[in-house]
$ cat upload.txt   # compact mmCIF, C-alpha atoms and all ligand atoms
# COMPACT_ATOMS: atom_id res chain seq x y z
CA GLU H 12 90.67 181.63 162.81
CA GLN H 13 89.72 177.98 163.30
CA THR H 14 90.61 177.19 159.69
CA ILE H 15 93.98 178.85 160.05
CA ASP H 16 94.59 176.88 163.23
CA LYS H 17 93.73 173.66 161.42
CA ILE H 18 96.20 174.50 158.65
CA ALA H 19 98.88 175.53 161.13
CA ALA H 20 98.27 172.29 163.01
CA GLY H 21 99.39 170.35 159.95
CA GLU H 22 102.92 171.63 160.36
CA VAL H 23 103.27 170.59 163.98
CA ILE H 24 100.81 167.72 164.42
CA GLU H 25 101.23 164.92 161.94
CA ARG H 26 100.35 161.93 164.10
CA PRO H 27 99.77 160.92 167.74
CA SER H 28 103.51 160.85 168.43
CA SER H 29 103.72 164.56 167.50
CA ILE H 30 101.15 165.31 170.21
CA VAL H 31 103.02 163.24 172.77
CA LYS H 32 106.28 164.96 171.83
CA GLU H 33 104.88 168.46 172.26
CA LEU H 34 103.10 167.69 175.54
CA VAL H 35 106.03 165.84 177.08
CA GLU H 36 108.33 168.73 176.12
CA ASN H 37 105.91 171.12 177.80
CA ALA H 38 105.97 168.96 180.94
CA ILE H 39 109.77 169.02 180.98
CA ASP H 40 109.78 172.80 180.42
CA ALA H 41 107.38 173.06 183.38
CA GLY H 42 110.01 171.46 185.61
CA ALA H 43 108.25 168.12 186.02
CA THR H 44 110.25 165.35 187.69
CA ALA H 45 107.68 162.69 186.77
CA VAL H 46 105.75 162.35 183.51
CA THR H 47 103.28 159.58 182.73
CA VAL H 48 102.03 158.94 179.20
CA GLU H 49 99.12 156.60 178.60
CA ILE H 50 97.72 155.80 175.16
CA LYS H 51 94.97 153.71 173.65
CA GLU H 52 94.87 152.54 170.03
CA GLY H 53 98.27 153.97 169.26
CA GLY H 54 97.17 157.32 170.64
CA ILE H 55 94.59 157.72 167.88
CA SER H 56 91.60 157.60 170.24
CA PHE H 57 93.21 158.50 173.57
CA ILE H 58 96.34 160.10 175.00
CA ARG H 59 96.74 161.08 178.64
CA ILE H 60 99.83 162.91 179.83
CA THR H 61 100.25 163.69 183.51
CA ASP H 62 103.05 165.76 185.00
CA ASN H 63 103.97 167.12 188.42
CA GLY H 64 105.34 170.40 187.04
CA SER H 65 104.47 174.04 187.65
CA GLY H 66 100.85 173.83 186.49
CA ILE H 67 99.05 176.62 184.64
CA GLU H 68 97.13 179.37 186.42
CA ALA H 69 93.40 179.37 185.72
CA GLU H 70 93.48 182.81 184.01
CA GLN H 71 96.35 181.70 181.77
CA ILE H 72 94.71 178.55 180.44
CA PRO H 73 92.59 179.99 177.58
CA THR H 74 95.54 182.16 176.55
CA ALA H 75 97.87 179.18 176.41
CA PHE H 76 95.67 177.74 173.65
CA LEU H 77 95.96 180.82 171.44
CA ARG H 78 98.23 180.59 168.44
CA HIS H 79 101.72 181.94 169.19
CA ALA H 80 100.98 182.08 172.91
CA THR H 81 104.11 181.17 174.79
CA SER H 82 105.23 182.02 178.29
CA LYS H 83 108.77 181.04 177.45
CA ILE H 84 110.08 183.95 175.39
CA ARG H 85 109.08 187.57 175.55
CA THR H 86 111.38 189.47 173.20
CA ALA H 87 113.17 188.89 169.92
CA GLU H 88 116.46 188.73 171.81
CA ASP H 89 115.12 185.87 173.90
CA LEU H 90 114.93 183.86 170.67
CA LEU H 91 118.71 183.90 170.50
CA ASP H 92 118.97 182.34 173.92
CA VAL H 93 116.32 179.64 174.01
CA THR H 94 116.91 177.15 176.78
CA SER H 95 113.39 175.69 176.89
CA LEU H 96 112.29 172.92 174.53
CA GLY H 97 109.27 174.91 173.39
CA PHE H 98 109.18 178.56 172.36
CA ARG H 99 106.91 178.90 169.34
CA GLY H 100 103.62 178.71 171.19
CA GLU H 101 102.10 176.59 168.44
CA ALA H 102 101.54 173.22 170.07
CA LEU H 103 98.46 173.70 172.22
CA SER H 104 96.53 175.65 169.59
CA SER H 105 97.47 173.10 166.94
CA ILE H 106 96.47 170.11 169.07
CA ALA H 107 93.19 171.72 170.13
CA ALA H 108 92.40 172.51 166.47
CA VAL H 109 92.34 168.86 165.45
CA CYS H 110 91.45 166.96 168.66
CA GLN H 111 89.15 166.97 171.67
CA VAL H 112 91.24 168.23 174.55
CA GLU H 113 90.60 168.14 178.28
CA LEU H 114 93.08 169.88 180.54
CA ILE H 115 93.28 169.68 184.31
CA SER H 116 95.91 171.82 185.95
CA LYS H 117 96.83 173.27 189.33
CA THR H 118 99.73 175.41 190.43
CA PRO H 119 101.30 174.66 193.83
CA GLU H 120 100.17 178.10 195.11
CA SER H 121 96.54 177.67 194.14
CA LEU H 122 94.01 175.91 196.38
CA THR H 123 91.93 174.52 193.57
CA GLY H 124 92.64 173.28 190.11
CA THR H 125 90.98 174.07 186.80
CA ARG H 126 89.36 171.83 184.22
CA TYR H 127 89.19 173.14 180.68
CA LEU H 128 87.58 171.59 177.62
CA ILE H 129 88.36 172.66 174.07
CA GLU H 130 87.43 170.83 170.86
CA GLY H 131 88.27 171.73 167.30
CA GLY H 132 89.55 175.07 168.58
CA LYS H 133 86.21 175.82 170.30
CA GLU H 134 86.18 176.40 174.05
CA LYS H 135 83.61 174.17 175.74
CA SER H 136 84.02 174.87 179.44
CA LEU H 137 86.25 176.16 182.20
CA GLU H 138 85.54 175.17 185.80
CA GLU H 139 87.13 174.77 189.21
CA ILE H 140 87.99 171.25 190.24
CA GLY H 141 90.01 169.52 192.93
CA ALA H 142 93.34 168.34 191.52
CA PRO H 143 96.93 167.59 192.55
CA SER H 144 99.60 170.13 191.58
CA GLY H 145 100.70 169.70 188.01
CA THR H 146 99.01 169.21 184.68
CA THR H 147 97.06 166.47 182.97
CA PHE H 148 96.21 166.60 179.27
CA LEU H 149 93.63 164.22 177.83
CA VAL H 150 93.62 164.26 174.06
CA ARG H 151 90.93 162.30 172.30
CA ASN H 152 90.18 161.42 168.68
CA ILE H 153 92.99 163.01 166.70
CA PHE H 154 91.84 164.45 163.35
CA TYR H 155 88.18 163.78 164.21
CA ASN H 156 87.34 166.95 162.25
CA THR H 157 89.85 166.47 159.42
CA PRO H 158 89.09 162.97 158.08
CA ALA H 159 91.39 163.48 155.10
CA ARG H 160 94.31 163.69 157.47
CA LYS H 161 93.16 160.82 159.63
CA LYS H 162 93.49 158.56 156.59
CA PHE H 163 97.26 159.00 156.68
CA LEU H 164 97.62 157.51 160.14
CA LYS H 165 99.09 154.04 160.31
CA THR H 166 97.79 151.09 162.31
CA PRO H 167 97.54 151.48 166.10
CA GLN H 168 100.47 149.09 166.41
CA THR H 169 102.69 151.22 164.17
CA GLU H 170 101.62 154.45 165.87
CA THR H 171 102.39 152.83 169.25
CA GLY H 172 105.85 152.01 167.93
CA TYR H 173 106.49 155.64 167.00
CA ILE H 174 105.46 156.77 170.47
CA SER H 175 107.60 154.08 172.11
CA GLU H 176 110.65 155.30 170.21
CA LEU H 177 109.88 158.86 171.15
CA MET H 178 109.50 157.99 174.83
CA GLU H 179 112.83 156.17 174.79
CA ARG H 180 114.50 159.24 173.34
CA MET H 181 112.79 161.44 175.92
CA ALA H 182 114.06 159.19 178.71
CA LEU H 183 117.59 159.17 177.27
CA SER H 184 117.59 162.94 176.86
CA HIS H 185 116.34 163.62 180.40
CA PRO H 186 117.74 161.12 182.91
CA GLU H 187 116.63 163.48 185.69
CA VAL H 188 112.96 162.90 184.88
CA SER H 189 111.05 159.72 185.71
CA PHE H 190 109.05 158.61 182.67
CA LYS H 191 106.30 156.04 182.55
CA PHE H 192 104.78 154.98 179.26
CA ILE H 193 101.71 152.74 179.16
CA ALA H 194 100.16 151.50 175.91
CA GLY H 195 96.83 149.77 176.37
CA SER H 196 97.41 148.15 179.74
CA GLN H 197 101.07 147.38 179.12
CA VAL H 198 103.87 149.35 180.80
CA LYS H 199 106.34 149.82 177.97
CA LEU H 200 108.90 151.99 179.72
CA HIS H 201 109.49 153.13 183.27
CA THR H 202 112.58 155.07 184.27
CA SER H 203 113.49 156.17 187.76
CA GLY H 204 114.67 159.71 187.17
CA ASN H 205 117.83 158.96 189.19
CA HIS H 206 120.05 160.95 186.75
CA ARG H 207 122.00 157.84 185.71
CA LEU H 208 122.11 157.64 181.90
CA LYS H 209 123.53 154.12 182.01
CA ASP H 210 120.48 152.83 183.91
CA ILE H 211 118.24 154.15 181.14
CA ILE H 212 120.39 152.57 178.44
CA TYR H 213 120.11 149.27 180.34
CA ASN H 214 116.38 149.73 180.68
CA ILE H 215 115.90 150.28 176.94
CA TYR H 216 118.64 148.29 175.25
CA GLY H 217 119.39 145.54 177.75
CA ARG H 218 122.51 143.93 179.15
CA ASP H 219 124.61 143.19 176.07
CA ILE H 220 124.79 146.79 174.99
CA THR H 221 125.19 148.12 178.53
CA ASN H 222 128.14 145.78 179.16
CA ASN H 223 129.95 147.06 176.08
CA LEU H 224 129.92 150.81 176.61
CA LEU H 225 132.76 153.30 176.82
CA GLU H 226 132.16 156.48 178.77
CA VAL H 227 132.68 159.83 177.09
CA GLU H 228 133.40 163.01 178.98
CA LYS H 229 135.08 165.98 177.38
CA THR H 230 134.91 169.72 177.88
CA PHE H 231 136.19 172.19 175.29
CA GLU H 232 137.53 175.73 175.55
CA ASN H 233 134.44 177.22 173.96
CA GLY H 234 132.34 175.68 176.74
CA MET H 235 131.02 172.77 174.72
CA LYS H 236 130.71 169.61 176.76
CA ILE H 237 130.18 166.08 175.44
CA THR H 238 129.11 163.38 177.89
CA GLY H 239 127.51 159.98 177.57
CA PHE H 240 128.39 156.57 176.20
CA ILE H 241 129.52 155.01 172.97
CA GLY H 242 129.35 151.33 172.13
CA LYS H 243 132.48 149.30 171.55
CA PRO H 244 132.71 148.47 167.84
CA VAL H 245 131.42 144.93 168.60
CA ILE H 246 127.93 146.32 169.05
CA SER H 247 127.82 148.42 165.91
CA ARG H 248 124.64 148.19 163.90
CA GLY H 249 123.45 148.17 160.31
CA ASN H 250 121.52 151.42 160.56
CA ARG H 251 121.62 154.84 162.14
CA ASN H 252 118.77 154.14 164.58
CA PHE H 253 121.28 153.41 167.33
CA GLU H 254 123.04 156.74 166.96
CA ASN H 255 121.40 158.88 169.61
CA TYR H 256 122.60 162.34 170.42
CA PHE H 257 121.04 165.28 172.16
CA VAL H 258 121.94 168.95 172.12
CA ASN H 259 120.95 170.80 175.27
CA GLY H 260 118.39 168.11 176.08
CA ARG H 261 116.88 168.07 172.62
CA TYR H 262 116.98 165.02 170.32
CA ILE H 263 118.29 166.13 166.97
CA LYS H 264 119.63 164.87 163.67
CA SER H 265 122.83 166.40 162.36
CA LYS H 266 124.79 165.31 159.31
CA ILE H 267 127.93 166.80 160.81
CA ILE H 268 127.70 165.00 164.12
CA SER H 269 126.74 161.69 162.50
CA LYS H 270 129.56 161.95 160.00
CA ALA H 271 132.11 162.75 162.70
CA ILE H 272 130.98 159.79 164.80
CA GLU H 273 130.94 157.40 161.85
CA ASP H 274 134.29 158.57 160.48
CA ALA H 275 135.89 158.00 163.87
CA TYR H 276 134.48 154.49 164.01
CA GLN H 277 135.52 153.78 160.43
CA SER H 278 139.15 154.12 161.43
CA PHE H 279 138.57 151.12 163.71
CA MET H 280 137.32 149.13 160.73
CA MET H 281 134.10 148.11 162.30
CA LYS H 282 131.99 145.58 160.46
CA HIS H 283 128.85 147.67 160.29
CA LYS H 284 128.92 151.33 159.58
CA TYR H 285 126.79 152.67 162.38
CA PRO H 286 127.83 152.67 166.03
CA PHE H 287 125.73 152.70 169.16
CA THR H 288 125.90 156.09 170.86
CA VAL H 289 124.05 158.07 173.47
CA LEU H 290 125.77 161.44 173.62
CA HIS H 291 124.73 164.62 175.35
CA PHE H 292 126.10 167.87 173.96
CA GLN H 293 125.98 171.01 176.07
CA ILE H 294 126.53 173.92 173.70
CA ASP H 295 126.20 177.67 174.37
CA THR H 296 122.92 178.86 172.91
CA GLU H 297 124.73 181.68 171.12
CA MET H 298 126.48 179.04 169.01
CA LEU H 299 123.19 177.51 167.88
CA ASP H 300 120.15 178.36 165.84
CA ILE H 301 117.30 176.08 166.83
CA ASN H 302 114.63 178.15 165.13
CA VAL H 303 115.03 176.31 161.83
CA HIS H 304 112.03 173.99 161.65
CA PRO H 305 108.71 173.80 163.52
CA THR H 306 109.47 170.35 164.86
CA LYS H 307 112.93 171.57 165.87
CA MET H 308 114.75 168.42 164.83
CA GLU H 309 117.36 170.32 162.87
CA LEU H 310 119.92 172.66 164.33
CA ARG H 311 122.35 175.08 162.77
CA PHE H 312 125.77 175.30 164.34
CA ALA H 313 127.95 178.39 164.28
CA GLU H 314 131.22 176.51 163.77
CA ASN H 315 130.63 173.41 161.68
CA GLU H 316 134.23 172.45 161.03
CA LYS H 317 135.28 172.83 164.63
CA LEU H 318 132.26 170.79 165.73
CA TYR H 319 133.22 168.00 163.33
CA GLU H 320 136.82 168.00 164.55
CA ASP H 321 135.85 168.07 168.22
CA VAL H 322 133.37 165.20 167.90
CA TYR H 323 135.67 163.15 165.69
CA HIS H 324 138.63 163.41 168.08
CA THR H 325 136.52 162.83 171.17
CA ILE H 326 135.19 159.57 169.75
CA LEU H 327 138.58 158.52 168.42
CA ASN H 328 140.28 159.18 171.76
CA THR H 329 137.62 157.30 173.66
CA LEU H 330 137.92 154.32 171.33
CA SER H 331 141.72 154.23 171.42
CA HIS H 332 142.40 154.92 175.08
CA LYS H 333 140.15 152.35 176.65
CA GLU H 334 140.60 148.61 176.40
CA MET H 335 138.39 147.14 173.72
P1 LIG T 1 105.45 176.70 173.88
O1 LIG T 1 105.83 175.41 174.53
O2 LIG T 1 106.16 176.91 172.59
O3 LIG T 1 105.53 177.86 174.80
P2 LIG T 1 102.80 175.53 173.71
O4 LIG T 1 101.66 175.78 172.79
O5 LIG T 1 103.41 174.16 173.72
O6 LIG T 1 103.91 176.61 173.44
O7 LIG T 1 102.33 175.85 175.19
C1 LIG T 1 101.78 177.14 175.46
C2 LIG T 1 102.02 177.53 176.91
O8 LIG T 1 101.20 176.71 177.77
C3 LIG T 1 103.43 177.33 177.41
O9 LIG T 1 104.25 178.44 177.09
C4 LIG T 1 103.22 177.17 178.92
O10 LIG T 1 103.13 178.44 179.53
C5 LIG T 1 101.86 176.52 179.02
N1 LIG T 1 101.95 175.04 179.25
C6 LIG T 1 101.71 174.09 178.33
N2 LIG T 1 101.85 172.86 178.86
C7 LIG T 1 102.19 173.03 180.16
C8 LIG T 1 102.47 172.13 181.27
N3 LIG T 1 102.44 170.80 181.11
N4 LIG T 1 102.76 172.70 182.47
C9 LIG T 1 102.81 174.04 182.62
N5 LIG T 1 102.54 174.94 181.64
C10 LIG T 1 102.24 174.44 180.42
MG MG T 2 105.46 173.52 173.79
$ encode --input "upload.txt" --output "structure tokens" --more "lines below"
Ligand code: ADP
Ligand code: MG
Amino acid sequence: EQTIDKIAAGEVIERPSSIVKELVENAIDAGATAVTVEIKEGGISFIRITDNGSGIEAEQIPTAFLRHATSKIRTAEDLLDVTSLGFRGEALSSIAAVCQVELISKTPESLTGTRYLIEGGKEKSLEEIGAPSGTTFLVRNIFYNTPARKKFLKTPQTETGYISELMERMALSHPEVSFKFIAGSQVKLHTSGNHRLKDIIYNIYGRDITNNLLEVEKTFENGMKITGFIGKPVISRGNRNFENYFVNGRYIKSKIISKAIEDAYQSFMMKHKYPFTVLHFQIDTEMLDINVHPTKMELRFAENEKLYEDVYHTILNTLSHKEM
């Protein structure tokens, strides 16, 4: 069982940023309005993630660490209508298989909290403890029991960079959540959770970009909604890193969406190929298949051509109807 968990962990947990991603997504799924992430040494030796979400009941904690344990879907039909970020029930078991994990959690209804220790998939202890409502995960020494995998980690600085990027995307994808990210003793990102996407763009990218944005807001007959901001062509960039888009709160990569955005910009003959965008897509879950890859970065869309056309025209209209 522990060996299988270690193997399974390889699919989901590649580096410290994978752990942060899974645990922050869990915090968001738990309805947290504030999430703090602290790391040391690029997250290799220490990650602490604190949220003010629903907490986990004491009896549910050991179960939550079992492979394929999820509280988020119950039937096969639920899979077709996933609205939570997680649903595979693989993250906690995978993380616990290759790290030393300490969990402190309390539900609002419960008088006391619970502290749980699990290392290399082995339960160490479960005890009552005083705690605020919400959940704290402490994850220490990633791959301490799989040295071969630890060798593939990059320097703490590089790993910190990956987590920084991830936290920025998390903040952009959930303006309703206040995020704080601390690396070493440095606060790298702090958002207010005031719902204003533009404030987060300012926070991350600064004044020049924020002063050159065009607002996008478009609803389609099939219920799809595109909101957010695109950069005026003056702030286009030499690579795709500035193309951010989110589908139902999830950061994804999509050849179709990227191509539609870039083609629309091309008709304005921008100097660089890749525009700055932060776009939120709301799409009916029945028109999506998110169950494609364990890390859920890829999506399948039911109507590819229509999606391309809708995105292309939305961008084109925004670029042509507002003063440049
Ligand atoms: P999934 O997110 O796919 O359900 P995970 O392994 O990430 O699977 O988490 C297992 C379960 O643990 C979740 O379904 C949820 O019930 C519980 N859980 C994990 N993290 C939190 C959290 N921060 N707050 C509340 N519940 C949590
Ligand atoms: Mg999860």
$ closest_atom_pairs --input "upload.txt" --of "chain H" --to "ligand LIG 1 (chain T)" --cutoff "6 Å" --atoms "all atoms listed in the file" --output "CSV"
residue,atom,partner,partner_atom,distance
H:Asn37,CA,T:LIG1,N2,4.5
H:Ala38,CA,T:LIG1,N3,4.0
H:Ala41,CA,T:LIG1,N4,4.7
H:Gly64,CA,T:LIG1,N4,5.7
H:Ser65,CA,T:LIG1,C9,5.3
H:Gly66,CA,T:LIG1,C9,4.3
H:Ile67,CA,T:LIG1,N5,4.9
H:Ala75,CA,T:LIG1,O8,4.4
H:Ala80,CA,T:LIG1,C1,5.6
H:Thr81,CA,T:LIG1,O9,3.6
H:Ser82,CA,T:LIG1,O9,3.9
H:Lys83,CA,T:LIG1,O9,5.2
H:Gly97,CA,T:LIG1,O1,3.7
H:Phe98,CA,T:LIG1,O2,3.4
H:Arg99,CA,T:LIG1,O2,3.9
H:Gly100,CA,T:LIG1,O6,3.1
H:Glu101,CA,T:LIG1,O4,4.4
H:Ala102,CA,T:LIG1,O4,3.7
H:Leu103,CA,T:LIG1,O4,3.9
H:Thr146,CA,T:LIG1,N3,5.2
$ residues_around --input "upload.txt" --residues "Pro143 of chain H" --least-positions-apart "3" --cutoff "8 Å" --atoms "all atoms listed in the file" --output "number ranges by chain"
H: 116-117, 124
$ closest_residue --input "upload.txt" --among "H:Ile326, H:Ile153, H:Leu114, H:Ile50" --to "Ser278 of chain H" --atoms "all atoms listed in the file"
H:Ile326
$ closest_residue --input "upload.txt" --among "H:Glu316, H:Asp321, H:Glu25, H:Glu297" --to "Thr157 of chain H" --atoms "only C-alpha atoms"
H:Glu25
$ atom_distance --input "upload.txt" --atom1 "atom CA of Leu299 of chain H" --atom2 "atom CA of Lys266 of chain H"
15.0 Å
$ residues_around --input "upload.txt" --residues "Thr123 of chain H" --least-positions-apart "6" --cutoff "7 Å" --atoms "all atoms listed in the file" --output "JSON, numbers by chain"
{"H": [117, 139, 140, 141, 142]}
$ atom_distance --input "upload.txt" --atom1 "atom CA of Gly131 of chain H" --atom2 "atom CA of Val109 of chain H"
5.3 Å
$ atom_distance --input "upload.txt" --atom1 "atom CA of Gln71 of chain H" --atom2 "atom CA of Tyr262 of chain H"
28.9 Å
$ closest_residue --input "upload.txt" --among "H:Tyr323, H:Glu36, H:Leu77, H:Asn255" --to "Asp274 of chain H" --atoms "all atoms listed in the file"
H:Tyr323
$ residues_around --input "upload.txt" --residues "Leu327 of chain H" --least-positions-apart "3" --cutoff "10 Å" --atoms "all atoms listed in the file" --output "list in words"
Ala271, Ile272, Asp274, Ala275, Tyr276, Gln277, Ser278, Phe279, Asp321, Val322, Tyr323, His324, Leu330, Ser331 and His332 of chain H
$ closest_residue --input "upload.txt" --among "H:Thr94, H:Ser56, H:Gln197, H:Ser28" --to "Asp300 of chain H" --atoms "all atoms listed in the file"
H:Thr94
$ residues_around --input "upload.txt" --residues "segment 170-176 of chain H" --least-positions-apart "3" --cutoff "12 Å" --atoms "all atoms listed in the file" --output "ChimeraX atom specification"
/H:25-33,35,48-58,163-167,179-183,190-195,197-201,215-216,252-253,255,262
$ residues_around --input "upload.txt" --residues "Tyr213 of chain H" --least-positions-apart "3" --cutoff "12 Å" --atoms "all atoms listed in the file" --output "PyMOL selection string"
chain H and resi 179+182-183+200-202+207-210+216-224+240+289
$ closest_residue --input "upload.txt" --among "H:Val245, H:Pro73, H:Phe257, H:Ile60" --to "Gly145 of chain H" --atoms "all atoms listed in the file"
H:Ile60
$ closest_residue --input "upload.txt" --among "H:Lys162, H:Lys135, H:Lys243, H:Lys284" --to "Lys270 of chain H" --atoms "all atoms listed in the file"
H:Lys284
$ residues_near_point --input "upload.txt" --point "(119.2, 169.4, 166.2)" --cutoff "6 Å" --atoms "all atoms listed in the file" --output "tab-separated table (two decimals) with C-alpha atoms, in the coordinates of the input"
chain	number	residue	atom	x	y	z
H	263	ILE	CA	118.29	166.13	166.97
H	264	LYS	CA	119.63	164.87	163.67
H	308	MET	CA	114.75	168.42	164.83
H	309	GLU	CA	117.36	170.32	162.87
H	310	LEU	CA	119.92	172.66	164.33
$ decode --input "upload.txt" --residues "segment 114-160 of chain H" --atoms "C-alpha atoms" --output "PDB file, in the first residue's frame"
ATOM      1  CA  LEU H 114      -2.314  18.711  10.143  1.00  0.00           C
ATOM      2  CA  ILE H 115      -4.231  20.882  12.583  1.00  0.00           C
ATOM      3  CA  SER H 116      -7.886  21.380  11.841  1.00  0.00           C
ATOM      4  CA  LYS H 117     -11.104  22.483  13.506  1.00  0.00           C
ATOM      5  CA  THR H 118     -14.619  22.832  12.196  1.00  0.00           C
ATOM      6  CA  PRO H 119     -16.659  25.841  13.371  1.00  0.00           C
ATOM      7  CA  GLU H 120     -19.118  23.483  15.138  1.00  0.00           C
ATOM      8  CA  SER H 121     -16.484  21.623  17.106  1.00  0.00           C
ATOM      9  CA  LEU H 122     -15.146  22.881  20.445  1.00  0.00           C
ATOM     10  CA  THR H 123     -11.670  21.489  20.007  1.00  0.00           C
ATOM     11  CA  GLY H 124      -9.390  20.941  17.095  1.00  0.00           C
ATOM     12  CA  THR H 125      -7.377  17.909  16.055  1.00  0.00           C
ATOM     13  CA  ARG H 126      -3.679  17.463  15.417  1.00  0.00           C
ATOM     14  CA  TYR H 127      -2.659  14.623  13.140  1.00  0.00           C
ATOM     15  CA  LEU H 128       0.807  13.435  12.182  1.00  0.00           C
ATOM     16  CA  ILE H 129       1.516  11.204   9.210  1.00  0.00           C
ATOM     17  CA  GLU H 130       4.914  10.462   7.651  1.00  0.00           C
ATOM     18  CA  GLY H 131       5.713   8.372   4.614  1.00  0.00           C
ATOM     19  CA  GLY H 132       2.099   7.193   4.633  1.00  0.00           C
ATOM     20  CA  LYS H 133       2.378   5.993   8.255  1.00  0.00           C
ATOM     21  CA  GLU H 134       0.057   7.477  10.855  1.00  0.00           C
ATOM     22  CA  LYS H 135       2.019   8.773  13.841  1.00  0.00           C
ATOM     23  CA  SER H 136      -0.589  10.347  16.091  1.00  0.00           C
ATOM     24  CA  LEU H 137      -4.039  11.861  16.390  1.00  0.00           C
ATOM     25  CA  GLU H 138      -4.858  14.085  19.351  1.00  0.00           C
ATOM     26  CA  GLU H 139      -7.152  16.859  20.521  1.00  0.00           C
ATOM     27  CA  ILE H 140      -5.698  20.332  20.528  1.00  0.00           C
ATOM     28  CA  GLY H 141      -6.924  23.903  20.864  1.00  0.00           C
ATOM     29  CA  ALA H 142      -7.072  25.571  17.448  1.00  0.00           C
ATOM     30  CA  PRO H 143      -8.905  28.294  15.529  1.00  0.00           C
ATOM     31  CA  SER H 144     -11.508  27.188  12.969  1.00  0.00           C
ATOM     32  CA  GLY H 145      -9.915  26.179   9.715  1.00  0.00           C
ATOM     33  CA  THR H 146      -7.000  24.051   8.651  1.00  0.00           C
ATOM     34  CA  THR H 147      -3.238  24.264   8.839  1.00  0.00           C
ATOM     35  CA  PHE H 148      -0.983  21.879   6.933  1.00  0.00           C
ATOM     36  CA  LEU H 149       2.711  21.672   7.777  1.00  0.00           C
ATOM     37  CA  VAL H 150       4.643  19.713   5.196  1.00  0.00           C
ATOM     38  CA  ARG H 151       8.268  18.993   5.914  1.00  0.00           C
ATOM     39  CA  ASN H 152      11.129  17.424   3.955  1.00  0.00           C
ATOM     40  CA  ILE H 153       9.635  16.556   0.592  1.00  0.00           C
ATOM     41  CA  PHE H 154      10.967  13.268  -0.839  1.00  0.00           C
ATOM     42  CA  TYR H 155      12.834  12.507   2.402  1.00  0.00           C
ATOM     43  CA  ASN H 156      12.094   8.820   1.738  1.00  0.00           C
ATOM     44  CA  THR H 157      12.611   8.877  -2.041  1.00  0.00           C
ATOM     45  CA  PRO H 158      16.106  10.377  -2.481  1.00  0.00           C
ATOM     46  CA  ALA H 159      16.135   9.542  -6.191  1.00  0.00           C
ATOM     47  CA  ARG H 160      13.281  11.951  -6.688  1.00  0.00           C
TER      48      ARG H 160
END
